[in-house]
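Next comes coords-v6.cif, with mmCIF, C-alpha atoms and all ligand atoms; chains and numbers go by the auth columns.
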```
data_upload
#
loop_
_atom_site.group_PDB
_atom_site.id
_atom_site.type_symbol
_atom_site.label_atom_id
_atom_site.label_comp_id
_atom_site.label_asym_id
_atom_site.label_seq_id
_atom_site.Cartn_x
_atom_site.Cartn_y
_atom_site.Cartn_z
_atom_site.B_iso_or_equiv
_atom_site.auth_seq_id
_atom_site.auth_asym_id
ATOM 1 C CA MET A 1 0.000 0.000 0.000 0.00 1 Q
ATOM 2 C CA LYS A 2 1.160 3.537 -0.760 0.00 2 Q
ATOM 3 C CA ASP A 3 2.001 5.805 2.168 0.00 3 Q
ATOM 4 C CA ARG A 4 -0.958 7.910 3.200 0.00 4 Q
ATOM 5 C CA TYR A 5 -0.686 11.570 4.126 0.00 5 Q
ATOM 6 C CA LEU A 6 -2.876 14.406 5.264 0.00 6 Q
ATOM 7 C CA ALA A 7 -2.075 17.692 3.518 0.00 7 Q
ATOM 8 C CA PRO A 8 -3.711 20.527 5.485 0.00 8 Q
ATOM 9 C CA SER A 9 -4.611 23.347 3.104 0.00 9 Q
ATOM 10 C CA LEU A 10 -3.519 26.761 4.275 0.00 10 Q
ATOM 11 C CA LEU A 11 -6.368 28.373 2.322 0.00 11 Q
ATOM 12 C CA SER A 12 -8.659 28.105 5.334 0.00 12 Q
ATOM 13 C CA ALA A 13 -6.058 29.245 7.862 0.00 13 Q
ATOM 14 C CA ASP A 14 -5.992 32.553 9.728 0.00 14 Q
ATOM 15 C CA PHE A 15 -3.895 34.635 7.338 0.00 15 Q
ATOM 16 C CA SER A 16 -2.969 37.088 10.073 0.00 16 Q
ATOM 17 C CA SER A 17 -0.870 34.405 11.777 0.00 17 Q
ATOM 18 C CA LEU A 18 0.226 31.930 9.118 0.00 18 Q
ATOM 19 C CA ARG A 19 3.435 30.905 10.855 0.00 19 Q
ATOM 20 C CA GLU A 20 1.597 29.890 14.022 0.00 20 Q
ATOM 21 C CA GLN A 21 -1.066 28.071 12.033 0.00 21 Q
ATOM 22 C CA VAL A 22 1.575 26.034 10.221 0.00 22 Q
ATOM 23 C CA GLU A 23 3.290 25.232 13.509 0.00 23 Q
ATOM 24 C CA ILE A 24 0.026 23.898 14.959 0.00 24 Q
ATOM 25 C CA VAL A 25 -0.502 21.334 12.185 0.00 25 Q
ATOM 26 C CA GLU A 26 3.181 20.412 12.116 0.00 26 Q
ATOM 27 C CA ASN A 27 3.246 19.824 15.872 0.00 27 Q
ATOM 28 C CA ALA A 28 0.040 17.775 15.580 0.00 28 Q
ATOM 29 C CA GLY A 29 1.802 15.337 13.243 0.00 29 Q
ATOM 30 C CA ALA A 30 1.131 16.574 9.693 0.00 30 Q
ATOM 31 C CA LYS A 31 3.949 15.911 7.225 0.00 31 Q
ATOM 32 C CA TRP A 32 2.591 17.804 4.229 0.00 32 Q
ATOM 33 C CA LEU A 33 1.265 21.329 3.782 0.00 33 Q
ATOM 34 C CA HIS A 34 -0.961 22.165 0.816 0.00 34 Q
ATOM 35 C CA LEU A 35 -0.488 25.642 -0.653 0.00 35 Q
ATOM 36 C CA ASP A 36 -3.207 26.889 -2.991 0.00 36 Q
ATOM 37 C CA ILE A 37 -1.952 29.429 -5.512 0.00 37 Q
ATOM 38 C CA MET A 38 -4.792 31.252 -7.288 0.00 38 Q
ATOM 39 C CA ASP A 39 -4.403 34.034 -9.828 0.00 39 Q
ATOM 40 C CA GLY A 40 -7.905 35.444 -10.313 0.00 40 Q
ATOM 41 C CA HIS A 41 -7.831 34.320 -13.965 0.00 41 Q
ATOM 42 C CA TYR A 42 -7.873 30.563 -14.054 0.00 42 Q
ATOM 43 C CA VAL A 43 -9.989 30.547 -10.902 0.00 43 Q
ATOM 44 C CA PRO A 44 -12.204 33.344 -9.573 0.00 44 Q
ATOM 45 C CA ASN A 45 -10.103 34.007 -6.483 0.00 45 Q
ATOM 46 C CA ILE A 46 -6.644 35.329 -5.587 0.00 46 Q
ATOM 47 C CA THR A 47 -4.478 33.938 -2.800 0.00 47 Q
ATOM 48 C CA PHE A 48 -0.722 34.328 -2.418 0.00 48 Q
ATOM 49 C CA GLY A 49 2.536 33.665 -4.237 0.00 49 Q
ATOM 50 C CA PRO A 50 6.149 32.575 -3.735 0.00 50 Q
ATOM 51 C CA VAL A 51 6.922 35.377 -1.257 0.00 51 Q
ATOM 52 C CA VAL A 52 4.624 33.800 1.307 0.00 52 Q
ATOM 53 C CA LEU A 53 6.093 30.331 0.736 0.00 53 Q
ATOM 54 C CA LYS A 54 9.589 31.689 1.194 0.00 54 Q
ATOM 55 C CA ALA A 55 8.658 33.361 4.466 0.00 55 Q
ATOM 56 C CA LEU A 56 7.091 30.169 5.832 0.00 56 Q
ATOM 57 C CA ARG A 57 9.879 27.929 4.539 0.00 57 Q
ATOM 58 C CA LYS A 58 12.258 29.168 7.235 0.00 58 Q
ATOM 59 C CA HIS A 59 9.892 27.995 9.959 0.00 59 Q
ATOM 60 C CA SER A 60 8.688 24.628 8.699 0.00 60 Q
ATOM 61 C CA LYS A 61 10.003 21.229 7.655 0.00 61 Q
ATOM 62 C CA LEU A 62 6.664 20.189 6.119 0.00 62 Q
ATOM 63 C CA LEU A 63 6.588 19.044 2.516 0.00 63 Q
ATOM 64 C CA PHE A 64 5.372 22.129 0.659 0.00 64 Q
ATOM 65 C CA ASP A 65 2.785 20.760 -1.762 0.00 65 Q
ATOM 66 C CA THR A 66 2.097 23.579 -4.204 0.00 66 Q
ATOM 67 C CA HIS A 67 -1.175 23.545 -6.125 0.00 67 Q
ATOM 68 C CA LEU A 68 -0.975 26.016 -9.004 0.00 68 Q
ATOM 69 C CA MET A 69 -4.381 27.241 -10.107 0.00 69 Q
ATOM 70 C CA ILE A 70 -2.914 29.815 -12.475 0.00 70 Q
ATOM 71 C CA THR A 71 -2.679 30.405 -16.193 0.00 71 Q
ATOM 72 C CA ASN A 72 0.812 30.038 -17.726 0.00 72 Q
ATOM 73 C CA PRO A 73 2.164 27.928 -14.845 0.00 73 Q
ATOM 74 C CA ASP A 74 5.445 27.384 -16.747 0.00 74 Q
ATOM 75 C CA ASP A 75 6.376 31.024 -16.140 0.00 75 Q
ATOM 76 C CA PHE A 76 6.458 30.538 -12.367 0.00 76 Q
ATOM 77 C CA LEU A 77 7.997 27.090 -11.764 0.00 77 Q
ATOM 78 C CA GLU A 78 11.486 28.361 -10.871 0.00 78 Q
ATOM 79 C CA ASP A 79 10.048 31.029 -8.595 0.00 79 Q
ATOM 80 C CA PHE A 80 8.182 28.449 -6.541 0.00 80 Q
ATOM 81 C CA VAL A 81 11.105 26.031 -6.403 0.00 81 Q
ATOM 82 C CA ASN A 82 13.392 28.855 -5.245 0.00 82 Q
ATOM 83 C CA ALA A 83 10.813 29.806 -2.627 0.00 83 Q
ATOM 84 C CA GLY A 84 10.833 26.265 -1.212 0.00 84 Q
ATOM 85 C CA SER A 85 8.219 24.136 -2.988 0.00 85 Q
ATOM 86 C CA ASP A 86 8.838 20.394 -2.634 0.00 86 Q
ATOM 87 C CA SER A 87 6.158 19.521 -5.118 0.00 87 Q
ATOM 88 C CA ILE A 88 4.333 21.432 -7.824 0.00 88 Q
ATOM 89 C CA THR A 89 1.025 20.394 -9.329 0.00 89 Q
ATOM 90 C CA VAL A 90 -0.288 22.106 -12.442 0.00 90 Q
ATOM 91 C CA HIS A 91 -3.812 21.936 -13.790 0.00 91 Q
ATOM 92 C CA TYR A 92 -4.204 19.838 -16.922 0.00 92 Q
ATOM 93 C CA GLU A 93 -6.637 22.490 -18.166 0.00 93 Q
ATOM 94 C CA THR A 94 -3.956 25.237 -17.983 0.00 94 Q
ATOM 95 C CA THR A 95 -1.131 23.515 -19.853 0.00 95 Q
ATOM 96 C CA ARG A 96 -0.270 23.487 -23.554 0.00 96 Q
ATOM 97 C CA HIS A 97 2.621 21.043 -23.387 0.00 97 Q
ATOM 98 C CA LEU A 98 2.018 18.942 -20.305 0.00 98 Q
ATOM 99 C CA HIS A 99 4.945 16.590 -20.939 0.00 99 Q
ATOM 100 C CA ARG A 100 7.318 19.537 -21.171 0.00 100 Q
ATOM 101 C CA THR A 101 5.925 21.127 -18.023 0.00 101 Q
ATOM 102 C CA LEU A 102 6.191 17.953 -15.937 0.00 102 Q
ATOM 103 C CA SER A 103 9.725 17.256 -17.244 0.00 103 Q
ATOM 104 C CA HIS A 104 10.670 20.800 -16.348 0.00 104 Q
ATOM 105 C CA ILE A 105 9.364 20.425 -12.787 0.00 105 Q
ATOM 106 C CA LYS A 106 11.271 17.137 -12.394 0.00 106 Q
ATOM 107 C CA SER A 107 14.449 18.734 -13.759 0.00 107 Q
ATOM 108 C CA LEU A 108 14.211 21.247 -10.918 0.00 108 Q
ATOM 109 C CA GLY A 109 14.545 18.352 -8.460 0.00 109 Q
ATOM 110 C CA ILE A 110 11.062 18.248 -6.934 0.00 110 Q
ATOM 111 C CA LYS A 111 7.882 16.170 -7.237 0.00 111 Q
ATOM 112 C CA ALA A 112 5.594 16.824 -10.197 0.00 112 Q
ATOM 113 C CA GLY A 113 1.828 16.509 -10.285 0.00 113 Q
ATOM 114 C CA VAL A 114 -1.057 17.128 -12.635 0.00 114 Q
ATOM 115 C CA SER A 115 -4.547 18.047 -11.509 0.00 115 Q
ATOM 116 C CA PHE A 116 -7.902 17.353 -13.153 0.00 116 Q
ATOM 117 C CA ASN A 117 -11.109 19.279 -12.515 0.00 117 Q
ATOM 118 C CA PRO A 118 -14.293 17.344 -11.690 0.00 118 Q
ATOM 119 C CA SER A 119 -15.519 17.541 -15.307 0.00 119 Q
ATOM 120 C CA THR A 120 -12.191 16.635 -16.933 0.00 120 Q
ATOM 121 C CA PRO A 121 -11.776 12.968 -17.869 0.00 121 Q
ATOM 122 C CA ILE A 122 -8.494 11.173 -17.199 0.00 122 Q
ATOM 123 C CA ASN A 123 -7.257 9.344 -20.250 0.00 123 Q
ATOM 124 C CA ASN A 124 -5.222 6.188 -19.617 0.00 124 Q
ATOM 125 C CA ASP A 125 -3.015 6.772 -22.665 0.00 125 Q
ATOM 126 C CA LEU A 126 -2.171 10.228 -21.336 0.00 126 Q
ATOM 127 C CA ILE A 127 -1.058 8.646 -18.051 0.00 127 Q
ATOM 128 C CA ASP A 128 1.249 6.258 -19.963 0.00 128 Q
ATOM 129 C CA TYR A 129 2.898 9.120 -21.821 0.00 129 Q
ATOM 130 C CA ILE A 130 3.604 11.203 -18.742 0.00 130 Q
ATOM 131 C CA ALA A 131 4.162 8.434 -16.153 0.00 131 Q
ATOM 132 C CA PRO A 132 7.992 8.661 -16.068 0.00 132 Q
ATOM 133 C CA ASN A 133 7.746 12.321 -15.036 0.00 133 Q
ATOM 134 C CA LEU A 134 4.771 11.984 -12.746 0.00 134 Q
ATOM 135 C CA ASP A 135 4.675 11.648 -8.954 0.00 135 Q
ATOM 136 C CA MET A 136 1.074 12.548 -8.325 0.00 136 Q
ATOM 137 C CA VAL A 137 -2.340 12.963 -9.899 0.00 137 Q
ATOM 138 C CA LEU A 138 -4.502 15.471 -8.044 0.00 138 Q
ATOM 139 C CA ILE A 139 -8.161 14.726 -8.553 0.00 139 Q
ATOM 140 C CA MET A 140 -10.312 17.730 -7.694 0.00 140 Q
ATOM 141 C CA THR A 141 -13.348 16.741 -5.662 0.00 141 Q
ATOM 142 C CA VAL A 142 -14.737 20.293 -5.912 0.00 142 Q
ATOM 143 C CA ASN A 143 -14.423 22.912 -8.625 0.00 143 Q
ATOM 144 C CA PRO A 144 -11.230 24.848 -7.817 0.00 144 Q
ATOM 145 C CA GLY A 145 -11.297 28.349 -6.382 0.00 145 Q
ATOM 146 C CA PHE A 146 -12.603 28.255 -2.851 0.00 146 Q
ATOM 147 C CA GLY A 147 -12.369 26.378 0.405 0.00 147 Q
ATOM 148 C CA GLY A 148 -15.402 25.013 2.204 0.00 148 Q
ATOM 149 C CA GLN A 149 -17.265 23.649 -0.829 0.00 149 Q
ATOM 150 C CA LYS A 150 -19.288 20.468 -0.920 0.00 150 Q
ATOM 151 C CA PHE A 151 -17.619 17.222 -1.999 0.00 151 Q
ATOM 152 C CA ILE A 152 -18.726 16.074 -5.483 0.00 152 Q
ATOM 153 C CA PRO A 153 -19.511 12.339 -5.169 0.00 153 Q
ATOM 154 C CA GLU A 154 -19.402 11.641 -8.933 0.00 154 Q
ATOM 155 C CA VAL A 155 -15.637 11.960 -8.697 0.00 155 Q
ATOM 156 C CA ILE A 156 -15.264 8.815 -6.574 0.00 156 Q
ATOM 157 C CA GLU A 157 -15.532 6.656 -9.678 0.00 157 Q
ATOM 158 C CA LYS A 158 -12.777 8.677 -11.340 0.00 158 Q
ATOM 159 C CA ILE A 159 -10.506 7.943 -8.386 0.00 159 Q
ATOM 160 C CA SER A 160 -11.305 4.206 -8.557 0.00 160 Q
ATOM 161 C CA ARG A 161 -10.693 4.015 -12.284 0.00 161 Q
ATOM 162 C CA LEU A 162 -7.375 5.794 -12.039 0.00 162 Q
ATOM 163 C CA ASN A 163 -6.344 3.624 -9.097 0.00 163 Q
ATOM 164 C CA GLU A 164 -7.175 0.464 -11.030 0.00 164 Q
ATOM 165 C CA TYR A 165 -5.172 1.656 -14.006 0.00 165 Q
ATOM 166 C CA LEU A 166 -2.144 2.650 -11.921 0.00 166 Q
ATOM 167 C CA ASN A 167 -2.219 -0.788 -10.272 0.00 167 Q
ATOM 168 C CA LYS A 168 -2.638 -2.576 -13.601 0.00 168 Q
ATOM 169 C CA ARG A 169 0.407 -0.821 -15.026 0.00 169 Q
ATOM 170 C CA ASN A 170 2.400 -1.069 -11.782 0.00 170 Q
ATOM 171 C CA TYR A 171 2.767 2.691 -11.563 0.00 171 Q
ATOM 172 C CA ASN A 172 3.420 2.409 -7.854 0.00 172 Q
ATOM 173 C CA HIS A 173 5.380 5.662 -7.831 0.00 173 Q
ATOM 174 C CA VAL A 174 2.268 7.696 -8.705 0.00 174 Q
ATOM 175 C CA SER A 175 0.164 8.940 -5.798 0.00 175 Q
ATOM 176 C CA ILE A 176 -3.488 9.901 -5.986 0.00 176 Q
ATOM 177 C CA GLU A 177 -4.238 13.143 -4.165 0.00 177 Q
ATOM 178 C CA VAL A 178 -7.763 14.434 -3.616 0.00 178 Q
ATOM 179 C CA ASP A 179 -8.720 18.015 -2.873 0.00 179 Q
ATOM 180 C CA GLY A 180 -12.020 19.580 -1.889 0.00 180 Q
ATOM 181 C CA GLY A 181 -14.683 18.793 0.661 0.00 181 Q
ATOM 182 C CA ILE A 182 -12.551 16.212 2.450 0.00 182 Q
ATOM 183 C CA ASP A 183 -13.548 15.673 6.077 0.00 183 Q
ATOM 184 C CA LEU A 184 -14.005 12.786 8.497 0.00 184 Q
ATOM 185 C CA ASN A 185 -17.072 11.625 6.528 0.00 185 Q
ATOM 186 C CA THR A 186 -15.725 11.796 2.994 0.00 186 Q
ATOM 187 C CA ALA A 187 -12.169 10.657 3.807 0.00 187 Q
ATOM 188 C CA PRO A 188 -13.071 6.938 4.107 0.00 188 Q
ATOM 189 C CA LYS A 189 -14.805 7.054 0.702 0.00 189 Q
ATOM 190 C CA VAL A 190 -11.805 8.477 -1.164 0.00 190 Q
ATOM 191 C CA LEU A 191 -9.378 6.190 0.678 0.00 191 Q
ATOM 192 C CA GLU A 192 -11.503 3.200 -0.287 0.00 192 Q
ATOM 193 C CA ALA A 193 -11.436 4.380 -3.916 0.00 193 Q
ATOM 194 C CA GLY A 194 -7.620 4.516 -3.823 0.00 194 Q
ATOM 195 C CA ALA A 195 -6.565 8.044 -2.870 0.00 195 Q
ATOM 196 C CA ASN A 196 -3.491 8.214 -0.617 0.00 196 Q
ATOM 197 C CA ILE A 197 -2.918 11.953 -0.146 0.00 197 Q
ATOM 198 C CA LEU A 198 -5.852 13.847 1.319 0.00 198 Q
ATOM 199 C CA VAL A 199 -6.005 17.632 1.248 0.00 199 Q
ATOM 200 C CA ALA A 200 -8.226 19.201 3.884 0.00 200 Q
ATOM 201 C CA GLY A 201 -8.703 22.909 4.424 0.00 201 Q
ATOM 202 C CA SER A 202 -11.849 23.806 6.322 0.00 202 Q
ATOM 203 C CA ALA A 203 -11.952 20.406 8.057 0.00 203 Q
ATOM 204 C CA ILE A 204 -8.676 21.428 9.715 0.00 204 Q
ATOM 205 C CA PHE A 205 -8.256 25.197 9.888 0.00 205 Q
ATOM 206 C CA SER A 206 -11.918 26.156 10.354 0.00 206 Q
ATOM 207 C CA GLN A 207 -12.234 23.891 13.392 0.00 207 Q
ATOM 208 C CA PRO A 208 -12.204 25.288 16.919 0.00 208 Q
ATOM 209 C CA ASN A 209 -9.259 23.035 17.813 0.00 209 Q
ATOM 210 C CA ILE A 210 -6.934 22.840 14.804 0.00 210 Q
ATOM 211 C CA SER A 211 -4.472 20.542 16.531 0.00 211 Q
ATOM 212 C CA GLN A 212 -7.151 18.020 17.514 0.00 212 Q
ATOM 213 C CA ALA A 213 -8.751 18.186 14.052 0.00 213 Q
ATOM 214 C CA THR A 214 -5.355 17.397 12.505 0.00 214 Q
ATOM 215 C CA LYS A 215 -4.810 14.443 14.841 0.00 215 Q
ATOM 216 C CA ASP A 216 -8.325 13.104 14.234 0.00 216 Q
ATOM 217 C CA MET A 217 -7.918 13.288 10.470 0.00 217 Q
ATOM 218 C CA ILE A 218 -4.484 11.620 10.523 0.00 218 Q
ATOM 219 C CA LYS A 219 -5.955 8.843 12.668 0.00 219 Q
ATOM 220 C CA LYS A 220 -8.845 8.403 10.230 0.00 220 Q
ATOM 221 C CA ILE A 221 -6.480 8.284 7.257 0.00 221 Q
ATOM 222 C CA ASN A 222 -4.362 5.583 8.870 0.00 222 Q
ATOM 223 C CA SER A 223 -7.220 3.489 10.261 0.00 223 Q
HETATM 224 C C1 LIG B . -9.814 24.608 -3.703 0.00 301 G
HETATM 225 C C2 LIG B . -8.442 24.290 -3.166 0.00 301 G
HETATM 226 C C3 LIG B . -8.444 23.434 -1.976 0.00 301 G
HETATM 227 C C4 LIG B . -9.166 23.997 -0.765 0.00 301 G
HETATM 228 C C5 LIG B . -9.891 22.846 -0.141 0.00 301 G
HETATM 229 O O1 LIG B . -9.695 25.156 -4.966 0.00 301 G
HETATM 230 O O2 LIG B . -7.659 23.670 -4.142 0.00 301 G
HETATM 231 O O3 LIG B . -7.134 23.007 -1.618 0.00 301 G
HETATM 232 O O4 LIG B . -8.322 24.567 0.197 0.00 301 G
HETATM 233 O O5 LIG B . -10.685 23.332 0.884 0.00 301 G
HETATM 234 P P1 LIG B . -11.715 22.409 1.639 0.00 301 G
HETATM 235 O O6 LIG B . -10.937 21.272 2.240 0.00 301 G
HETATM 236 O O7 LIG B . -12.307 23.334 2.653 0.00 301 G
HETATM 237 O O8 LIG B . -12.709 21.939 0.623 0.00 301 G
HETATM 238 ZN ZN ZN B . -5.759 22.776 -3.520 0.00 302 G
#
```

Go through the file and emit its structure as structure tokens.
Ligand code: DX5
Ligand code: ZN
Amino acid sequence: MKDRYLAPSLLSADFSSLREQVEIVENAGAKWLHLDIMDGHYVPNITFGPVVLKALRKHSKLLFDTHLMITNPDDFLEDFVNAGSDSITVHYETTRHLHRTLSHIKSLGIKAGVSFNPSTPINNDLIDYIAPNLDMVLIMTVNPGFGGQKFIPEVIEKISRLNEYLNKRNYNHVSIEVDGGIDLNTAPKVLEAGANILVAGSAIFSQPNISQATKDMIKKINS
């Protein structure tokens, strides 16, 4: 079985004290931190950029899992790697030359991922062509842009199909990450379907006790 991780999404954190918020989830046992980069063009929301990653990098050993929801992601890969990203995921819908983009990310020495929106199909041939440069497929379980949205159950089948295909081809190096509406109720469903990296924003940072919410979710993921 692939290693399972919780990736708390900073999008729902208190932005007036990001460093402390990161420390809470790190001290509670999280190993990954999910960073949502939105540009107001590809998605109807704006968040933050490499400057914020760089500032947090000094205070955290978490794996910085960078989710680019921006047009022209190729223009910003070096900036994010220099700021401290350990993994960069681009949206399939934003790329012109996906193979080139993933190879570029890998050449910078970090993990590379590709993300698919709820309405975007995942083609098995496509997976074959990019597999050597691929560490992760991020399956969106909400439409990207905002935290706190409702999980889209139709996507569960997409997770299962991808998982079956990865197993069939022995692509054991490729993780399945899910993002959107993940909480203690939906987590078991996506784990059952084959996801092994679970992003959770509001289920962690919007809770009264962030530390306890992190511990509870990690326990659920590993149960
Ligand atoms: C949405 C982002 C998510 C978001 C998830 O576009 O990609 O990472 O933070 O938030 P929740 O877990 O609240 O759905
Ligand atoms: Zn995300």

On this structure, the PyMOL selection byres (((chain Q and resi 175) around 10) and not hetatm) would catch which residues? List them as a ChimeraX atom specification, sorted by chain and number. /Q:2-4,113,134-138,163,166,171-174,176-178,194-197

Hey, can you spit out that residue selection with C-alpha atoms as a PDB file, in the frame of the given file?
```pdb
ATOM      1  CA  LYS Q   2       1.160   3.537  -0.760  1.00  0.00           C
ATOM      2  CA  ASP Q   3       2.001   5.805   2.168  1.00  0.00           C
ATOM      3  CA  ARG Q   4      -0.958   7.910   3.200  1.00  0.00           C
ATOM      4  CA  GLY Q 113       1.828  16.509 -10.285  1.00  0.00           C
ATOM      5  CA  LEU Q 134       4.771  11.984 -12.746  1.00  0.00           C
ATOM      6  CA  ASP Q 135       4.675  11.648  -8.954  1.00  0.00           C
ATOM      7  CA  MET Q 136       1.074  12.548  -8.325  1.00  0.00           C
ATOM      8  CA  VAL Q 137      -2.340  12.963  -9.899  1.00  0.00           C
ATOM      9  CA  LEU Q 138      -4.502  15.471  -8.044  1.00  0.00           C
ATOM     10  CA  ASN Q 163      -6.344   3.624  -9.097  1.00  0.00           C
ATOM     11  CA  LEU Q 166      -2.144   2.650 -11.921  1.00  0.00           C
ATOM     12  CA  TYR Q 171       2.767   2.691 -11.563  1.00  0.00           C
ATOM     13  CA  ASN Q 172       3.420   2.409  -7.854  1.00  0.00           C
ATOM     14  CA  HIS Q 173       5.380   5.662  -7.831  1.00  0.00           C
ATOM     15  CA  VAL Q 174       2.268   7.696  -8.705  1.00  0.00           C
ATOM     16  CA  ILE Q 176      -3.488   9.901  -5.986  1.00  0.00           C
ATOM     17  CA  GLU Q 177      -4.238  13.143  -4.165  1.00  0.00           C
ATOM     18  CA  VAL Q 178      -7.763  14.434  -3.616  1.00  0.00           C
ATOM     19  CA  GLY Q 194      -7.620   4.516  -3.823  1.00  0.00           C
ATOM     20  CA  ALA Q 195      -6.565   8.044  -2.870  1.00  0.00           C
ATOM     21  CA  ASN Q 196      -3.491   8.214  -0.617  1.00  0.00           C
ATOM     22  CA  ILE Q 197      -2.918  11.953  -0.146  1.00  0.00           C
TER      23      ILE Q 197
END
```

Run the PyMOL selection byres (((chain Q and resi 80) around 12) and not hetatm) mentally over the shown coordinates, then write out the matched residues as number ranges by chain, using the chain letters and numbers from the document. Q: 35, 37, 48-54, 57, 64-68, 73-79, 81-89, 105, 108, 110

How would you write, as a PyMOL selection string, the residues chosen by the PyMOL selection byres (((chain Q and resi 38) around 12) and not hetatm) on this structure? chain Q and resi 11+35-37+39-50+66-73+90-91+144-147

With only C-alpha atoms and all ligand atoms counted, collect every polymer residue having an atom within 7 Å of ligand LIG 301 (chain G); state the result as JSON, numbers by chain. {"Q": [9, 10, 11, 12, 34, 36, 67, 142, 143, 144, 145, 146, 147, 148, 149, 150, 179, 180, 181, 182, 199, 200, 201, 202, 203]}

Given the selection you just returned, output its residues as a file containing C-alpha atoms, formatted as a CSV table (one decimal), in the coordinates of the input.
```csv
chain,number,residue,atom,x,y,z
Q,9,SER,CA,-4.6,23.3,3.1
Q,10,LEU,CA,-3.5,26.8,4.3
Q,11,LEU,CA,-6.4,28.4,2.3
Q,12,SER,CA,-8.7,28.1,5.3
Q,34,HIS,CA,-1.0,22.2,0.8
Q,36,ASP,CA,-3.2,26.9,-3.0
Q,67,HIS,CA,-1.2,23.5,-6.1
Q,142,VAL,CA,-14.7,20.3,-5.9
Q,143,ASN,CA,-14.4,22.9,-8.6
Q,144,PRO,CA,-11.2,24.8,-7.8
Q,145,GLY,CA,-11.3,28.3,-6.4
Q,146,PHE,CA,-12.6,28.3,-2.9
Q,147,GLY,CA,-12.4,26.4,0.4
Q,148,GLY,CA,-15.4,25.0,2.2
Q,149,GLN,CA,-17.3,23.6,-0.8
Q,150,LYS,CA,-19.3,20.5,-0.9
Q,179,ASP,CA,-8.7,18.0,-2.9
Q,180,GLY,CA,-12.0,19.6,-1.9
Q,181,GLY,CA,-14.7,18.8,0.7
Q,182,ILE,CA,-12.6,16.2,2.4
Q,199,VAL,CA,-6.0,17.6,1.2
Q,200,ALA,CA,-8.2,19.2,3.9
Q,201,GLY,CA,-8.7,22.9,4.4
Q,202,SER,CA,-11.8,23.8,6.3
Q,203,ALA,CA,-12.0,20.4,8.1
```

Restricting the calculation to all atoms listed in the file, which member of Q:Thr214, Q:Ser160, Q:Asn170, Q:Asn123 is positioned closest to Ala193 in chain Q?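 Answer, going by the shortest atom-to-atom distance: Q:Ser160.
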
Nearest to Pro118 in chain Q by atom-to-atom distance, counting all atoms listed in the file, from Q:Ile221, Q:Ile159, Q:Lys106, Q:Pro132: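 Once distances to Pro118 in chain Q are computed over all atoms listed in the file, the minimum belongs to Q:Ile159.
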
So which one's closest to Gly109 in chain Q, Q:Asp216, Q:Phe151, Q:Val190, Q:Asn133? Using all atoms listed in the file, please.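 Ranking Q:Asp216, Q:Phe151, Q:Val190, Q:Asn133 by distance to Gly109 in chain Q, first place goes to Q:Asn133.
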
So, counting all atoms listed in the file, which residue among Q:Asn117, Q:Ser211, Q:Asn222, Q:Ser16 is closest to ligand ZN 302 (chain G)?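 Looking at the shortest contact to ligand ZN 302 (chain G), the residue is Q:Asn117.
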
Taking 6 positions as the minimum chain separation for residues in the same chain, which residues sit within 10 Å of Ala30 in chain Q when counting all atoms listed in the file? Answer as a list of chain:residue names.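 So the residues in contact are Q:Tyr5, Q:Leu6, Q:Ala7, Q:Pro8, Q:Val22, Q:Glu23, Q:Ile24, Q:Leu62, Q:Leu63, Q:Ser211, Q:Thr214, Q:Lys215, Q:Met217, Q:Ile218.
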
Selected residue of minimal separation from ligand ZN 302 (chain G) among Q:Ser17, Q:Ser107, Q:Asn124, Q:Thr141, counting all atoms listed in the file: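 Among the listed residues, Q:Thr141 lies closest to ligand ZN 302 (chain G).
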
Rank nothing, just name the residue among Q:Thr101, Q:Ser115, Q:Ser60, Q:Ser223 nearest to ligand ZN 302 (chain G), using only C-alpha atoms and all ligand atoms.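 Of Q:Thr101, Q:Ser115, Q:Ser60, Q:Ser223, the one nearest ligand ZN 302 (chain G), counting only C-alpha atoms and all ligand atoms, is Q:Ser115.
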
Atomic distance CA of Lys189 in chain Q - CA of Glu164 in chain Q, expressed in Å with one decimal: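 Going from CA of Lys189 in chain Q over to CA of Glu164 in chain Q, I get 15.5 Å.
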
Render range 178-183 of chain Q from the structure in the preceding block as a file of N, CA, C and O atoms, as a PDB file, in the first residue's frame.
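Heads up, here's the output in out-v2.pdb:
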```
ATOM      1  N   VAL Q 178      -6.412  13.896  -3.431  1.00  0.00           N
ATOM      2  CA  VAL Q 178      -7.763  14.434  -3.616  1.00  0.00           C
ATOM      3  C   VAL Q 178      -7.876  15.742  -2.859  1.00  0.00           C
ATOM      4  O   VAL Q 178      -7.252  15.933  -1.816  1.00  0.00           O
ATOM      5  N   ASP Q 179      -8.689  16.643  -3.398  1.00  0.00           N
ATOM      6  CA  ASP Q 179      -8.720  18.015  -2.873  1.00  0.00           C
ATOM      7  C   ASP Q 179     -10.118  18.599  -3.027  1.00  0.00           C
ATOM      8  O   ASP Q 179     -10.619  18.756  -4.142  1.00  0.00           O
ATOM      9  N   GLY Q 180     -10.722  18.909  -1.885  1.00  0.00           N
ATOM     10  CA  GLY Q 180     -12.020  19.580  -1.889  1.00  0.00           C
ATOM     11  C   GLY Q 180     -13.087  18.812  -1.144  1.00  0.00           C
ATOM     12  O   GLY Q 180     -13.408  17.674  -1.495  1.00  0.00           O
ATOM     13  N   GLY Q 181     -13.589  19.412  -0.078  1.00  0.00           N
ATOM     14  CA  GLY Q 181     -14.683  18.793   0.661  1.00  0.00           C
ATOM     15  C   GLY Q 181     -14.286  17.537   1.420  1.00  0.00           C
ATOM     16  O   GLY Q 181     -15.146  16.711   1.747  1.00  0.00           O
ATOM     17  N   ILE Q 182     -13.004  17.402   1.714  1.00  0.00           N
ATOM     18  CA  ILE Q 182     -12.551  16.212   2.450  1.00  0.00           C
ATOM     19  C   ILE Q 182     -12.677  16.472   3.954  1.00  0.00           C
ATOM     20  O   ILE Q 182     -12.132  17.457   4.471  1.00  0.00           O
ATOM     21  N   ASP Q 183     -13.403  15.588   4.619  1.00  0.00           N
ATOM     22  CA  ASP Q 183     -13.548  15.673   6.077  1.00  0.00           C
ATOM     23  C   ASP Q 183     -13.625  14.246   6.627  1.00  0.00           C
ATOM     24  O   ASP Q 183     -13.376  13.278   5.896  1.00  0.00           O
TER      25      ASP Q 183
END
```
